[in-house]
file entry-v9.txt (compact mmCIF, C-alpha atoms)
# COMPACT_ATOMS: atom_id res chain seq x y z
CA MET V 1 -21.27 -12.47 11.66
CA SER V 2 -22.75 -11.82 8.27
CA GLN V 3 -23.40 -14.69 5.89
CA LYS V 4 -23.82 -12.40 2.90
CA ARG V 5 -21.40 -12.95 0.04
CA TRP V 6 -20.01 -9.93 -1.78
CA ALA V 7 -18.39 -9.80 -5.18
CA THR V 8 -14.61 -9.55 -5.05
CA ARG V 9 -13.33 -6.17 -6.22
CA CYS V 10 -9.80 -5.61 -7.49
CA ILE V 11 -8.28 -2.14 -7.95
CA ARG V 12 -4.94 -1.25 -9.50
CA LEU V 13 -4.31 2.44 -9.94
CA PRO V 14 -2.80 3.44 -13.30
CA MET V 15 0.69 4.89 -12.88
CA ASP V 16 0.75 6.94 -16.10
CA ARG V 17 -1.99 9.41 -15.13
CA GLU V 18 -3.61 11.05 -12.14
CA THR V 19 -6.44 9.50 -10.16
CA PRO V 20 -8.56 12.13 -8.40
CA LEU V 21 -10.12 11.32 -5.06
CA GLN V 22 -12.26 8.18 -5.46
CA GLN V 23 -14.48 6.30 -3.03
CA GLY V 24 -15.55 2.68 -2.93
CA ALA V 25 -17.27 0.31 -0.53
CA SER V 26 -17.89 -3.39 -0.09
CA GLY V 27 -19.44 -5.10 2.91
CA GLY V 28 -17.74 -3.88 6.05
CA PHE V 29 -15.22 -1.62 4.33
CA VAL V 30 -15.27 1.89 2.89
CA TRP V 31 -12.16 3.26 1.18
CA ARG V 32 -10.82 6.38 -0.50
CA TYR V 33 -7.74 6.73 -2.67
CA ALA V 34 -6.02 9.18 -4.97
CA TYR V 35 -2.77 9.49 -6.89
CA THR V 36 -0.86 12.42 -8.38
CA ARG V 37 2.42 12.21 -10.26
CA ALA V 38 5.25 14.64 -9.68
CA GLU V 39 5.01 17.68 -11.91
CA GLU V 40 8.11 16.67 -13.88
CA ALA V 41 6.50 13.35 -14.75
CA ARG V 42 3.17 15.03 -15.54
CA THR V 43 4.64 17.55 -17.98
CA SER V 44 6.87 15.00 -19.70
CA GLY V 45 4.23 12.26 -19.87
CA GLU V 46 6.33 9.82 -17.85
CA THR V 47 5.07 7.04 -15.61
CA GLY V 48 4.91 7.78 -11.89
CA GLN V 49 6.67 5.76 -9.20
CA ASP V 50 3.79 4.95 -6.80
CA SER V 51 1.70 1.81 -7.17
CA LEU V 52 -1.46 0.90 -5.27
CA ALA V 53 -3.26 -2.44 -5.50
CA LEU V 54 -6.33 -3.45 -3.49
CA ARG V 55 -8.63 -6.46 -3.30
CA CYS V 56 -11.82 -6.76 -1.23
CA ASN V 57 -14.75 -9.18 -0.94
CA GLY V 58 -16.67 -7.32 1.76
CA GLU V 59 -15.29 -9.47 4.59
CA ARG V 60 -11.60 -9.30 3.79
CA LEU V 61 -9.57 -6.43 2.38
CA VAL V 62 -5.92 -6.55 1.34
CA PHE V 63 -3.77 -3.82 -0.14
CA ALA V 64 -0.19 -2.92 -0.96
CA LEU V 65 1.18 0.57 -1.54
CA CYS V 66 4.66 0.77 -3.05
CA ASP V 67 6.87 3.80 -3.75
CA GLY V 68 9.47 3.10 -6.42
CA VAL V 69 12.99 4.49 -5.92
CA GLY V 70 13.66 6.91 -8.77
CA GLU V 71 17.43 6.52 -8.51
CA SER V 72 17.16 2.79 -9.21
CA PHE V 73 16.48 1.18 -12.59
CA PHE V 74 12.92 2.32 -13.38
CA GLY V 75 11.59 2.23 -9.83
CA ASP V 76 8.06 1.91 -11.19
CA LEU V 77 8.92 -1.65 -12.28
CA ALA V 78 9.61 -2.79 -8.72
CA ALA V 79 6.64 -0.85 -7.33
CA ARG V 80 4.14 -2.29 -9.81
CA PHE V 81 5.47 -5.85 -9.54
CA LEU V 82 5.65 -5.93 -5.75
CA SER V 83 2.26 -4.31 -5.08
CA ARG V 84 0.51 -6.98 -7.12
CA ALA V 85 2.60 -9.84 -5.73
CA LEU V 86 1.96 -8.79 -2.12
CA VAL V 87 -1.80 -8.52 -2.64
CA GLN V 88 -1.86 -11.97 -4.19
CA TRP V 89 0.09 -13.44 -1.26
CA LEU V 90 -1.85 -11.65 1.46
CA TRP V 91 -5.16 -12.76 0.02
CA THR V 92 -4.35 -16.46 0.45
CA VAL V 93 -2.03 -16.57 3.47
CA ASP V 94 -3.28 -18.57 6.47
CA MET V 95 -4.05 -16.12 9.29
CA THR V 96 -4.72 -18.78 11.93
CA GLY V 97 -1.73 -21.09 11.90
CA TRP V 98 1.31 -18.87 12.49
CA GLU V 99 2.75 -16.79 15.28
CA THR V 100 4.11 -13.32 14.46
CA VAL V 101 7.74 -14.46 14.52
CA GLU V 102 6.97 -17.32 12.15
CA MET V 103 5.07 -14.95 9.87
CA GLU V 104 8.13 -12.69 9.71
CA VAL V 105 10.20 -15.64 8.49
CA ILE V 106 7.59 -16.55 5.88
CA MET V 107 7.24 -12.94 4.71
CA ASN V 108 10.97 -12.36 4.34
CA ARG V 109 11.38 -15.66 2.51
CA LEU V 110 8.67 -14.51 0.10
CA LEU V 111 10.47 -11.20 -0.48
CA ARG V 112 13.68 -13.09 -1.33
CA ASN V 113 11.92 -15.56 -3.62
CA LEU V 114 10.19 -12.76 -5.54
CA THR V 115 13.57 -11.52 -6.74
CA VAL V 116 13.70 -14.36 -9.28
CA PRO V 117 10.73 -13.29 -11.46
CA ALA V 118 11.42 -9.62 -10.70
CA THR V 119 15.02 -9.87 -11.94
CA ARG V 120 13.77 -11.43 -15.15
CA LEU V 121 11.39 -8.49 -15.54
CA VAL V 122 14.26 -6.02 -15.16
CA VAL V 123 16.56 -7.90 -17.54
CA GLU V 124 13.89 -7.99 -20.24
CA HIS V 125 12.78 -4.36 -19.86
CA PRO V 126 13.52 -2.52 -23.15
CA LEU V 127 15.10 0.92 -23.27
CA PRO V 128 13.68 3.59 -25.60
CA ASP V 129 15.47 3.92 -28.92
CA SER V 130 15.61 7.69 -28.49
CA LEU V 131 18.08 7.56 -25.59
CA THR V 132 21.55 8.98 -26.06
CA HIS V 133 24.55 6.72 -25.71
CA VAL V 134 25.47 8.27 -22.35
CA VAL V 135 22.00 7.90 -20.85
CA ARG V 136 21.74 4.34 -22.15
CA ALA V 137 25.07 3.44 -20.53
CA VAL V 138 23.95 4.87 -17.18
CA LEU V 139 20.69 2.94 -17.30
CA GLU V 140 22.43 -0.30 -18.20
CA GLU V 141 24.67 0.12 -15.17
CA LYS V 142 21.59 0.70 -13.00
CA ARG V 143 19.95 -2.38 -14.50
CA GLY V 144 22.66 -4.48 -12.93
CA HIS V 145 21.70 -3.19 -9.48
CA GLY V 146 17.98 -3.77 -10.08
CA SER V 147 14.81 -1.81 -9.46
CA GLN V 148 13.87 -0.80 -5.90
CA THR V 149 10.80 0.22 -3.93
CA SER V 150 9.59 0.83 -0.39
CA PHE V 151 6.24 -0.61 0.62
CA VAL V 152 3.49 -1.06 3.17
CA CYS V 153 0.86 -3.77 2.90
CA ALA V 154 -1.92 -5.10 5.08
CA ARG V 155 -4.74 -7.60 5.31
CA LEU V 156 -7.88 -6.80 7.28
CA ASP V 157 -10.33 -9.59 8.18
CA LEU V 158 -13.72 -8.93 9.75
CA PRO V 159 -14.78 -11.33 12.54
CA SER V 160 -15.74 -14.74 11.19
CA LEU V 161 -16.08 -18.36 12.30
CA THR V 162 -12.37 -18.97 11.73
CA LEU V 163 -11.31 -15.55 13.11
CA PRO V 164 -13.84 -14.63 15.82
CA GLU V 165 -11.96 -11.44 16.71
CA GLY V 166 -11.09 -10.59 13.13
CA GLY V 167 -7.49 -10.10 12.13
CA VAL V 168 -4.91 -7.54 11.03
CA LEU V 169 -1.65 -8.49 9.36
CA ALA V 170 0.65 -5.69 8.18
CA ALA V 171 4.21 -5.52 6.85
CA TRP V 172 6.49 -2.71 5.74
CA VAL V 173 9.93 -1.72 4.51
CA GLY V 174 11.15 1.85 4.00
CA ASP V 175 9.50 5.25 4.36
CA THR V 176 5.98 4.61 3.07
CA ARG V 177 3.55 5.33 5.90
CA LEU V 178 0.91 3.10 7.52
CA ARG V 179 -1.25 4.27 10.44
CA PHE V 180 -4.12 2.76 12.46
CA TRP V 181 -6.85 4.33 14.58
CA GLY V 182 -9.13 2.59 17.03
CA PRO V 183 -11.74 3.59 19.63
CA GLN V 184 -9.12 5.31 21.79
CA GLY V 185 -7.30 7.12 18.98
CA GLU V 186 -4.15 6.19 17.11
CA THR V 187 -3.01 2.70 18.02
CA ALA V 188 -0.02 0.42 17.60
CA PRO V 189 2.31 0.60 15.88
CA PRO V 190 2.59 3.81 17.98
CA GLY V 191 2.71 6.86 15.76
CA GLY V 192 2.47 4.77 12.64
CA VAL V 193 5.07 2.63 10.94
CA ALA V 194 8.64 3.60 11.76
CA VAL V 195 10.51 5.00 8.77
CA THR V 196 13.51 2.85 7.82
CA THR V 197 16.32 3.11 5.30
CA GLY V 198 15.55 -0.29 3.82
CA ARG V 199 14.15 -0.92 0.37
CA TRP V 200 13.03 -3.99 -1.52
CA SER V 201 15.29 -4.69 -4.48
CA THR V 202 14.55 -6.93 -7.44
CA THR V 203 18.16 -8.12 -7.15
CA THR V 204 18.68 -8.78 -3.43
CA GLY V 205 15.31 -8.55 -1.69
CA VAL V 206 15.23 -6.29 1.39
CA THR V 207 18.37 -4.15 1.28
CA ALA V 208 18.74 -3.44 5.00
CA GLY V 209 17.50 -5.73 7.74
CA SER V 210 14.17 -7.39 7.06
CA ALA V 211 10.51 -6.57 6.68
CA THR V 212 8.66 -5.76 9.90
CA ILE V 213 5.45 -7.64 10.66
CA PHE V 214 2.56 -6.45 12.82
CA ARG V 215 -0.41 -8.62 13.87
CA SER V 216 -3.51 -7.90 15.94
CA SER V 217 -7.15 -8.76 16.28
CA MET V 218 -9.35 -6.21 14.57
CA SER V 219 -11.75 -5.77 17.46
CA GLU V 220 -8.94 -4.50 19.71
CA MET V 221 -7.57 -1.71 17.62
CA VAL V 222 -8.75 -1.00 14.11
CA GLU V 223 -11.51 1.34 12.98
CA GLN V 224 -9.57 3.28 10.36
CA VAL V 225 -6.37 2.76 8.37
CA LEU V 226 -4.32 5.30 6.42
CA ALA V 227 -1.45 4.50 4.06
CA TYR V 228 0.48 7.08 2.06
CA THR V 229 3.79 7.61 0.28
CA ASP V 230 6.40 10.12 1.45
CA GLY V 231 5.14 12.72 -1.00
CA LEU V 232 2.39 13.28 1.58
CA VAL V 233 4.71 13.63 4.56
CA ALA V 234 2.62 16.63 5.70
CA LEU V 235 -0.03 14.13 6.82
CA ASP V 236 2.37 12.93 9.55
CA ALA V 237 1.26 15.93 11.62
CA GLU V 238 -2.42 14.96 11.46
CA PRO V 239 -3.43 13.51 14.86
CA SER V 240 -6.59 11.90 13.49
CA PRO V 241 -7.74 10.56 10.11
CA PRO V 242 -7.78 13.53 7.71
CA HIS V 243 -11.08 14.82 6.39
CA PRO V 244 -11.65 14.19 2.64
CA VAL V 245 -11.29 17.93 1.99
CA THR V 246 -7.83 17.84 3.57
CA LEU V 247 -6.87 14.82 1.51
CA SER V 248 -8.06 16.45 -1.71
CA ARG V 249 -6.07 19.56 -0.95
CA GLN V 250 -2.92 17.61 -0.16
CA ILE V 251 -3.06 15.56 -3.36
CA ARG V 252 -3.72 18.50 -5.70
CA PRO V 253 -1.09 19.16 -8.41
CA PRO V 254 1.44 20.52 -8.98
CA ARG V 255 3.53 18.32 -6.72
CA GLU V 256 7.31 18.01 -6.38
CA ASP V 257 7.04 14.29 -5.72
CA ASP V 258 4.59 11.53 -6.55
CA CYS V 259 1.96 11.11 -3.86
CA CYS V 260 -0.59 8.38 -3.30
CA PHE V 261 -2.82 7.54 -0.36
CA LEU V 262 -5.41 5.00 0.70
CA SER V 263 -7.77 5.45 3.65
CA ILE V 264 -10.01 2.66 4.89
CA ALA V 265 -12.88 2.77 7.37
CA ILE V 266 -14.33 -0.36 8.94
CA ARG V 267 -18.09 -0.12 9.26
CA ASN V 268 -19.09 -1.36 12.69
CA ARG V 269 -22.88 -1.33 12.58
CA GLY V 270 -25.62 -1.52 9.95
CA ASN V 271 -24.83 0.34 6.76
CA SER V 272 -23.36 3.36 8.50
CA ALA V 273 -20.35 4.81 6.73
CA ARG V 274 -19.27 6.88 9.72
CA THR V 275 -16.59 6.07 12.24
CA ARG V 276 -16.08 7.97 15.49
CA VAL V 277 -12.40 8.60 16.12
CA GLN V 278 -10.97 10.70 18.95
CA GLY V 279 -14.31 12.29 19.69
CA ARG V 280 -15.17 13.38 16.15
CA ILE V 281 -16.87 11.81 13.17
CA ALA V 282 -14.80 10.93 10.13
CA TYR V 283 -17.14 10.81 7.12
CA TYR V 284 -16.52 8.48 4.20

call {"tool": "encode", "arguments": {"input": "entry-v9.txt", "output": "structure tokens"}}
result
Amino acid sequence: MSQKRWATRCIRLPMDRETPLQQGASGGFVWRYAYTRAEEARTSGETGQDSLALRCNGERLVFALCDGVGESFFGDLAARFLSRALVQWLWTVDMTGWETVEMEVIMNRLLRNLTVPATRLVVEHPLPDSLTHVVRAVLEEKRGHGSQTSFVCARLDLPSLTLPEGGVLAAWVGDTRLRFWGPQGETAPPGGVAVTTGRWSTTTGVTAGSATIFRSSMSEMVEQVLAYTDGLVALDAEPSPPHPVTLSRQIRPPREDDCCFLSIAIRNRGNSARTRVQGRIAYY
């Protein structure tokens, strides 16, 4: 267990422009991410709907990837707000004192409580002066129903004195994807996170059911993690973590929908940035 202390890194992808494939590393983690807006948003100069936030200190990494619902009131508002709020909560939550069922209760209570500041954000959001009367009326009606987003989020802890086996805590609502690979291939949740119809709303919290929680020790199951929005649904067919060339090709504009992904590799020995998954090497 390393005693080295790494500087904490915080990443928040801008939503008003593209982010080509980027790589970063800290301690035991190596990550890649990219973001491309839908072509309609690109050509009109509008903000995209996907929001990615990440924080890492070399021994712990947390992230949240949110996909705003375009039919709601400025879905980017909910996506941006929730991605940052989830990262803040995940960074400080106690990983040792709660069972999974108790963590579900805590998580869903958080998602309800966040509607208070989020509703204030929606109420105070100004509309452009250039809007026609009809468009303004439609948006004001949507404002009453709030802004919505799907999300996945996770916290990854390397083995430490307090967590000898390391720890994984993940949560999700909606159709944003989250997948794990370990020494034996893709691991639980089997086939990745199940797609649901639920969303998180600034007005009501989770709109259908509740957020799903997944917990595990890191040593049992996690060598690589992949999270992506439904604009990259083609990645569902990939049986193993996609090569960077594949990811670059998938994210390339023009795109019909916003697409954002984050891939994370856990470095298991020395300074190697390679992980063997399903009999092949995934380079980072």

call {"tool": "atom_distance", "arguments": {"input": "entry-v9.txt", "atom1": "atom CA of V:Arg9", "atom2": "atom CA of V:Ser248"}}
result
23.7 Å

call {"tool": "atom_distance", "arguments": {"input": "entry-v9.txt", "atom1": "atom CA of V:Val206", "atom2": "atom CA of V:Thr115"}}
result
9.8 Å

call {"tool": "residues_around", "arguments": {"input": "entry-v9.txt", "residues": "V:Thr92", "least_positions_apart": "5", "cutoff": "12 Å", "atoms": "only C-alpha atoms", "output": "JSON, numbers by chain"}}
result
{"V": [55, 60, 61, 62, 85, 86, 87, 155, 157]}

call {"tool": "axis_aligned_box", "arguments": {"input": "entry-v9.txt", "around": "stretch 41-60 of chain V", "padding_each_side": "6 Å", "output": "lines of an AutoDock Vina configuration file"}}
result
center_x = -4.9
center_y = 4.0
center_z = -7.6
size_x = 35.5
size_y = 39.0
size_z = 36.5

call {"tool": "atom_distance", "arguments": {"input": "entry-v9.txt", "atom1": "atom CA of V:Thr119", "atom2": "atom CA of V:Ala154"}}
result
24.5 Å

call {"tool": "closest_residue", "arguments": {"input": "entry-v9.txt", "among": "V:Arg42, V:Arg12, V:Arg252, V:Arg80", "to": "V:Thr202", "atoms": "only C-alpha atoms"}}
result
V:Arg80

call {"tool": "closest_residue", "arguments": {"input": "entry-v9.txt", "among": "V:Val134, V:Leu90, V:Leu139, V:Leu77", "to": "V:Ala118", "atoms": "only C-alpha atoms"}}
result
V:Leu77
